[in-house]
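To be precise, the following lines are work18.cif, and they hold mmCIF, C-alpha atoms and all ligand atoms.
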data_structure
#
loop_
_atom_site.label_atom_id
_atom_site.label_comp_id
_atom_site.auth_asym_id
_atom_site.auth_seq_id
_atom_site.Cartn_x
_atom_site.Cartn_y
_atom_site.Cartn_z
CA MET A 1 10.42 24.93 -2.35
CA MET A 2 6.77 24.41 -1.38
CA ARG A 3 7.74 21.03 0.12
CA THR A 4 10.53 22.62 2.17
CA LEU A 5 8.11 25.18 3.57
CA ALA A 6 5.64 22.41 4.36
CA GLN A 7 8.32 20.21 5.90
CA ASN A 8 8.73 22.57 8.89
CA LEU A 9 5.01 22.43 9.59
CA PHE A 10 5.00 18.70 8.90
CA ASP A 11 7.70 18.03 11.54
CA GLN A 12 5.59 19.79 14.19
CA THR A 13 2.48 17.82 13.22
CA PHE A 14 3.76 14.53 14.63
CA ILE A 15 4.67 15.79 18.06
CA THR A 16 1.81 14.38 20.11
CA ASP A 17 2.12 15.57 23.67
CA SER A 18 -1.48 14.48 23.96
CA ASP A 19 -3.45 15.00 27.11
CA ASP A 20 -5.97 12.45 25.78
CA LYS A 21 -6.25 9.96 28.62
CA VAL A 22 -8.04 7.25 26.65
CA MET A 23 -5.22 6.26 24.33
CA PRO A 24 -2.69 4.62 26.69
CA ASP A 25 -5.48 2.42 28.07
CA LEU A 26 -6.41 1.11 24.65
CA ILE A 27 -2.94 -0.05 23.62
CA HIS A 28 -2.60 -3.23 25.61
CA GLN A 29 -3.08 -6.93 25.30
CA LYS A 30 -6.39 -7.69 26.97
CA ARG A 31 -8.11 -10.97 26.04
CA PHE A 32 -11.74 -11.04 24.90
CA GLN A 33 -14.66 -13.41 24.59
CA ASP A 34 -14.16 -16.27 22.15
CA ASP A 35 -15.80 -14.92 19.02
CA ILE A 36 -13.78 -11.69 19.22
CA GLU A 37 -10.59 -13.73 19.75
CA VAL A 38 -11.44 -15.91 16.72
CA ALA A 39 -11.95 -12.80 14.58
CA ILE A 40 -8.63 -11.35 15.82
CA ALA A 41 -6.82 -14.63 15.05
CA ASN A 42 -8.30 -14.45 11.54
CA CYS A 43 -6.44 -11.17 10.92
CA SER A 44 -3.34 -12.60 9.35
CA GLY A 45 -1.47 -12.12 6.14
CA GLY A 46 -2.44 -10.45 2.90
CA TRP A 47 -3.97 -7.04 3.25
CA SER A 48 -5.67 -7.66 6.55
CA ILE A 49 -5.16 -5.41 9.55
CA SER A 50 -2.63 -6.82 12.01
CA GLN A 51 -3.73 -8.76 15.08
CA ASP A 52 -2.44 -5.96 17.33
CA LEU A 53 -4.56 -3.41 15.51
CA ALA A 54 -7.52 -5.82 15.64
CA ARG A 55 -7.09 -6.10 19.41
CA PHE A 56 -6.83 -2.33 19.73
CA LEU A 57 -10.08 -1.90 17.74
CA ALA A 58 -11.94 -4.53 19.77
CA HIS A 59 -10.78 -2.80 22.93
CA ALA A 60 -11.88 0.60 21.59
CA VAL A 61 -15.36 -0.68 20.65
CA VAL A 62 -15.94 -2.46 23.96
CA THR A 63 -14.36 0.12 26.28
CA LEU A 64 -15.69 3.23 24.58
CA LYS A 65 -19.05 1.57 23.91
CA SER A 66 -19.03 2.46 20.21
CA LYS A 67 -22.42 2.26 18.60
CA ASN A 68 -21.85 3.46 15.06
CA ILE A 69 -18.71 2.51 13.15
CA LEU A 70 -17.58 3.42 9.64
CA GLU A 71 -14.83 1.44 7.96
CA PHE A 72 -12.90 2.13 4.76
CA GLY A 73 -11.93 -1.31 3.43
CA ALA A 74 -13.95 -4.37 4.44
CA GLY A 75 -12.44 -7.75 5.31
CA SER A 76 -11.07 -9.33 8.48
CA SER A 77 -11.40 -5.99 10.28
CA SER A 78 -15.17 -5.98 9.62
CA LEU A 79 -15.63 -9.19 11.58
CA VAL A 80 -13.55 -7.89 14.50
CA LEU A 81 -15.67 -4.73 14.58
CA ALA A 82 -18.99 -6.59 14.20
CA ASN A 83 -18.18 -9.17 16.89
CA SER A 84 -17.00 -6.45 19.26
CA LEU A 85 -20.15 -4.41 18.64
CA SER A 86 -22.26 -7.50 19.20
CA VAL A 87 -20.58 -8.32 22.52
CA SER A 88 -21.01 -4.75 23.74
CA GLY A 89 -24.74 -4.63 23.09
CA GLY A 90 -24.99 -4.13 19.34
CA GLY A 91 -24.79 -1.19 16.96
CA LYS A 92 -24.20 -0.18 13.36
CA LEU A 93 -21.30 -1.04 11.05
CA THR A 94 -20.94 0.59 7.63
CA SER A 95 -18.09 -0.54 5.36
CA ILE A 96 -17.00 1.11 2.13
CA GLU A 97 -15.54 -1.50 -0.20
CA GLN A 98 -14.37 -1.41 -3.82
CA ASN A 99 -14.38 -5.10 -4.42
CA PRO A 100 -16.99 -6.97 -2.34
CA VAL A 101 -16.09 -10.29 -3.98
CA TRP A 102 -12.79 -10.63 -2.15
CA CYS A 103 -14.43 -10.63 1.27
CA THR A 104 -17.78 -12.32 0.53
CA GLU A 105 -17.32 -15.09 3.10
CA THR A 106 -16.30 -12.76 5.90
CA TRP A 107 -19.10 -10.33 5.12
CA LYS A 108 -21.65 -13.19 5.40
CA LEU A 109 -20.48 -13.73 8.98
CA VAL A 110 -20.80 -9.99 9.64
CA ASN A 111 -24.35 -9.99 8.28
CA ASP A 112 -25.25 -12.93 10.52
CA LYS A 113 -24.74 -10.90 13.69
CA GLU A 114 -28.26 -10.32 14.90
CA ASN A 115 -27.68 -7.21 16.95
CA VAL A 116 -25.40 -5.55 14.38
CA ASP A 117 -26.96 -3.48 11.62
CA SER A 118 -24.32 -3.97 8.90
CA PHE A 119 -24.27 -2.25 5.54
CA MET A 120 -21.68 -2.41 2.78
CA ILE A 121 -21.35 0.54 0.42
CA VAL A 122 -19.74 -0.57 -2.83
CA ALA A 123 -17.91 2.35 -4.45
CA GLN A 124 -14.83 3.24 -6.47
CA PRO A 125 -12.36 5.99 -5.61
CA LYS A 126 -12.61 8.87 -8.10
CA LEU A 127 -10.34 11.81 -8.67
CA SER A 128 -11.71 14.78 -6.69
CA LEU A 129 -10.90 18.31 -5.68
CA GLY A 130 -11.45 19.75 -2.21
CA ILE A 131 -10.22 22.21 0.39
CA SER A 132 -7.43 19.85 1.46
CA GLY A 133 -6.24 19.22 -2.09
CA VAL A 134 -6.56 16.87 -5.04
CA TYR A 135 -7.21 13.25 -4.16
CA PHE A 136 -8.98 10.01 -4.95
CA CYS A 137 -12.22 9.85 -2.98
CA PHE A 138 -15.28 7.61 -2.65
CA LYS A 139 -17.39 10.65 -3.46
CA ASP A 140 -20.33 8.71 -4.96
CA CYS A 141 -21.27 7.31 -1.57
CA LEU A 142 -21.70 10.60 0.25
CA GLU A 143 -25.47 10.15 0.53
CA ASP A 144 -25.12 6.73 2.17
CA ILE A 145 -22.38 7.99 4.48
CA ALA A 146 -24.61 10.87 5.57
CA TYR A 147 -27.63 8.61 6.04
CA ARG A 148 -25.76 6.14 8.27
CA GLY A 149 -23.96 8.78 10.46
CA LEU A 150 -23.05 10.11 12.97
CA TYR A 151 -20.04 7.85 13.50
CA ASP A 152 -18.22 7.48 16.79
CA LEU A 153 -15.40 5.30 15.41
CA VAL A 154 -13.85 5.30 11.92
CA LEU A 155 -11.23 2.88 10.60
CA ILE A 156 -9.32 4.02 7.53
CA ASP A 157 -7.70 1.04 5.81
CA ALA A 158 -8.56 1.75 2.15
CA PRO A 159 -8.24 2.53 -0.64
CA GLN A 160 -4.85 1.00 -1.39
CA TYR A 161 -1.69 3.11 -1.42
CA PHE A 162 -1.81 3.56 -5.21
CA PHE A 163 -4.90 5.74 -4.75
CA GLY A 164 -3.80 7.47 -1.57
CA ARG A 165 -6.10 8.05 1.41
CA ASP A 166 -6.56 11.82 1.45
CA GLY A 167 -10.17 11.42 0.29
CA ALA A 168 -11.41 9.83 3.53
CA VAL A 169 -11.68 12.76 5.93
CA PRO A 170 -13.31 15.21 3.47
CA ILE A 171 -16.32 12.90 3.07
CA ILE A 172 -16.77 12.02 6.76
CA TYR A 173 -15.94 15.29 8.53
CA ASN A 174 -19.59 16.41 8.67
CA TYR A 175 -20.81 13.04 9.90
CA LEU A 176 -18.62 12.50 12.95
CA ALA A 177 -20.13 12.29 16.44
CA PRO A 178 -18.62 14.46 19.18
CA ASN A 179 -15.34 12.89 20.40
CA ALA A 180 -15.27 10.35 17.56
CA LEU A 181 -11.98 8.54 16.98
CA ILE A 182 -10.44 8.09 13.53
CA VAL A 183 -8.01 5.19 13.37
CA MET A 184 -5.60 5.17 10.44
CA ASP A 185 -3.67 2.02 9.59
CA ASP A 186 -0.37 2.17 7.62
CA ALA A 187 0.37 5.58 9.10
CA GLU A 188 4.11 5.06 8.80
CA ARG A 189 4.08 5.25 4.99
CA TYR A 190 5.53 8.44 3.51
CA ASN A 191 2.39 9.36 1.56
CA ASP A 192 0.09 8.57 4.46
CA ARG A 193 2.07 10.79 6.81
CA TRP A 194 1.59 13.67 4.36
CA THR A 195 -2.09 12.78 4.19
CA LEU A 196 -2.32 13.11 7.97
CA PHE A 197 -0.51 16.44 7.78
CA ARG A 198 -3.02 17.77 5.24
CA TRP A 199 -6.01 16.58 7.27
CA LEU A 200 -4.71 18.22 10.42
CA ARG A 201 -3.99 21.48 8.58
CA SER A 202 -7.34 21.53 6.76
CA TYR A 203 -9.72 20.24 9.44
CA PRO A 204 -9.01 22.12 12.67
CA GLY A 205 -11.63 20.14 14.58
CA LEU A 206 -9.29 17.12 14.46
CA LYS A 207 -6.43 16.45 16.86
CA LEU A 208 -3.69 13.84 16.52
CA VAL A 209 -3.87 12.01 19.85
CA TYR A 210 -1.61 9.06 19.08
CA TYR A 211 1.09 8.51 16.49
CA ASN A 212 3.35 5.48 16.51
CA PRO A 213 5.28 4.82 13.28
CA THR A 214 6.46 1.43 14.52
CA PHE A 215 3.11 0.01 15.67
CA THR A 216 3.05 -3.48 14.08
CA LYS A 217 5.66 -2.19 11.58
CA LYS A 218 2.95 -0.39 9.56
CA GLY A 219 2.33 2.52 11.87
CA LEU A 220 -0.83 3.72 13.58
CA ALA A 221 -2.36 7.16 13.92
CA ILE A 222 -5.42 8.09 15.95
CA LEU A 223 -7.24 11.37 15.48
CA ARG A 224 -9.92 12.69 17.75
CA PHE A 225 -12.79 14.81 16.47
CA GLN A 226 -12.86 17.56 19.08
CA SER A 227 -15.27 20.11 17.69
CA ARG A 228 -17.00 21.05 14.48
CA LYS A 229 -14.75 23.84 13.22
CA SER A 230 -14.96 24.89 9.58
CA PRO A 231 -12.33 23.46 7.22
CA ARG A 232 -9.63 25.93 6.15
CA PHE A 233 -7.49 26.39 3.07
CA SER A 234 -3.72 26.74 3.00
CA LEU A 235 -1.79 26.97 -0.22
CA VAL A 236 1.19 25.09 1.22
CA HIS A 237 -0.68 21.92 2.12
CA TRP A 238 -2.83 22.11 -1.00
CA MET A 239 0.27 22.17 -3.21
CA THR A 240 1.78 19.14 -1.46
CA SER A 241 -1.38 17.22 -2.27
CA LEU A 242 -1.18 18.24 -5.91
CA GLN A 243 2.40 16.99 -5.95
CA ASP A 244 1.65 13.68 -4.19
CA THR A 245 -1.47 12.82 -6.20
CA GLY A 246 0.36 13.98 -9.33
CA SER A 247 3.17 11.51 -8.59
CA LEU A 248 0.64 8.70 -8.24
CA LEU A 249 -0.98 9.68 -11.54
CA LEU A 250 2.39 9.77 -13.27
CA SER A 251 3.65 6.52 -11.80
CA PRO A 252 3.34 3.65 -14.30
CA GLY A 253 3.31 1.11 -11.43
CA ALA A 254 0.48 2.87 -9.56
CA ASN A 255 -1.49 3.30 -12.80
CA ARG A 256 -1.20 -0.41 -13.60
CA GLN A 257 -2.40 -1.31 -10.10
CA ARG A 258 -5.32 1.13 -10.25
CA LYS A 259 -6.41 -0.61 -13.46
CA GLY A 260 -6.20 -3.96 -11.67
CA GLU A 261 -3.11 -5.16 -13.56
CA PHE A 262 -1.13 -6.46 -10.58
C1 LIG A 301 -5.87 -2.93 3.22
S1 LIG A 301 -7.20 -3.69 2.42
C2 LIG A 301 -8.48 -3.66 3.62
C3 LIG A 301 -8.40 -4.83 4.50
C4 LIG A 301 -9.46 -4.95 5.57
N1 LIG A 301 -9.60 -3.76 6.38
C5 LIG A 301 -9.08 -6.13 6.43
O1 LIG A 301 -8.67 -5.94 7.57
O2 LIG A 301 -9.14 -7.23 5.90
C6 LIG A 301 -7.69 -2.42 1.31
C7 LIG A 301 -8.45 -2.90 0.11
O3 LIG A 301 -7.65 -3.76 -0.65
C8 LIG A 301 -8.50 -4.61 -1.45
N2 LIG A 301 -8.08 -5.99 -1.26
C9 LIG A 301 -7.50 -6.51 -0.19
N3 LIG A 301 -7.22 -7.82 -0.35
C10 LIG A 301 -7.68 -8.14 -1.56
C11 LIG A 301 -7.71 -9.34 -2.29
N4 LIG A 301 -7.19 -10.46 -1.81
N5 LIG A 301 -8.24 -9.31 -3.50
C12 LIG A 301 -8.75 -8.18 -4.00
N6 LIG A 301 -8.76 -6.98 -3.35
C13 LIG A 301 -8.24 -6.98 -2.15
C14 LIG A 301 -9.92 -4.42 -0.95
O4 LIG A 301 -10.64 -3.60 -1.85
C15 LIG A 301 -9.68 -3.72 0.38
O5 LIG A 301 -10.75 -2.92 0.79
#
Translate the structure described by the file into structure tokens.
Amino acid sequence: MMRTLAQNLFDQTFITDSDDKVMPDLIHQKRFQDDIEVAIANCSGGWSISQDLARFLAHAVVTLKSKNILEFGAGSSSLVLANSLSVSGGGKLTSIEQNPVWCTETWKLVNDKENVDSFMIVAQPKLSLGISGVYFCFKDCLEDIAYRGLYDLVLIDAPQYFFGRDGAVPIIYNYLAPNALIVMDDAERYNDRWTLFRWLRSYPGLKLVYYNPTFTKKGLAILRFQSRKSPRFSLVHWMTSLQDTGSLLLSPGANRQRKGEF
């Protein structure tokens, strides 16, 4: 019943007749300097971002002259972001990562960039409660997130689907720079589309400026932070979050994966 009510609102959420002029310019196949191209080529397989998303991010950093980036989920994407920052004059990169061991080698290369101030926050997603619902969230790193802000570009590529990604926006909303872009990978997935719906309903300062469910088969969503409006509560979206996080908590497969039993 609640889901049916929400579904009508949900269907309207993904109509993006955006007047945002930046987006079409960013989705194209420009070539970059060598070290950015090497980092893009390194984005292959496993849980890495796709090469098309890597190229989009490099283009965003260079064209929009990003200076302060926050990333959920370190790895190949970190090197693309660091090299792009470096080429465009330097800046700050903060990455939230659960398991720094898996990307030690890549992170060394990120740290070696002289004009990039890189910082990895190691944290675990914990069950949390907020205005947009019930979700897993890296809530222990709020102090570091605040200290390193304000961010003009955010990439959301973690935690994995068996945690859900609802917890990202609640902890960054107060630390976004005017006009910041939030880039969400895997936006085609059922749960992640509902996550987007809840963010847009709960955080009225955000606007969906690009949504393409077929971008590199995984889907891509881009939100723009337009203005600092107060978050708002709605029972309908809150209940869908309870249902979705509840399903993850009740799923034996998701529970095994959260415990690291792959
Ligand atoms: C989608 S991945 C993030 C990938 C990263 N943005 C990139 O482009 O490489 C989400 C999370 O999965 C975990 N992960 C990915 N690959 C892993 C591996 N091979 N071993 C252990 N954990 C991994 C990491 O904690 C990572 O932050």
Neighbours of point (-5.4, -3.7, 13.9) within 12 Å, using all atoms listed in the file, written as a ChimeraX atom specification: /A:26-27,39-44,47-60,75-81,155-157,183-187,215-222
Near A:Gly73, counting all atoms listed in the file, which residues have an atom at most 8 Å away, once you skip same-chain residues fewer than 4 positions from it, shown as a list in words? Ser95, Ile96, Glu97, Gln98, Ile156, Asp157, Ala158 and Pro159 of chain A
Exercise: A:Leu248 partners within 8 Å, only C-alpha atoms, chain neighbours under 4 positions left out, as a list in words: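 In the requested form, the answer reads Phe162, Phe163, Asp244, Ala254 and Asn255 of chain A.
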State, in Å with one decimal place, the distance from atom O3 of ligand LIG 301 (chain A) to atom CA of A:Arg165. 12.1 Å
Nearest to A:Val101 among A:Val236, A:Leu153, A:Met120, A:Ala146, with distances taken over all atoms listed in the file: which residue is it? A:Met120
Nearest residue to ligand LIG 301 (chain A) out of A:Trp107, A:Phe119, A:Trp238, A:Phe14, using only C-alpha atoms and all ligand atoms?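 Smallest separation from ligand LIG 301 (chain A) among the options: A:Trp107.
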Of the listed residues A:Thr94, A:Thr240, A:Asp152, A:Val110, that which approaches A:Asp166 most closely, counting only C-alpha atoms: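 Among the listed residues, A:Thr240 lies closest to A:Asp166.
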Taking all atoms of stretch 147-163 of chain A that appear in the file, build a box with edges along x, y and z, extend it by 5 Å on every side, and state its centre and edge lengths in Å to one decimal, as JSON.
{"center_x": -14.7, "center_y": 5.6, "center_z": 5.8, "size_x": 35.9, "size_y": 19.1, "size_z": 32.0}
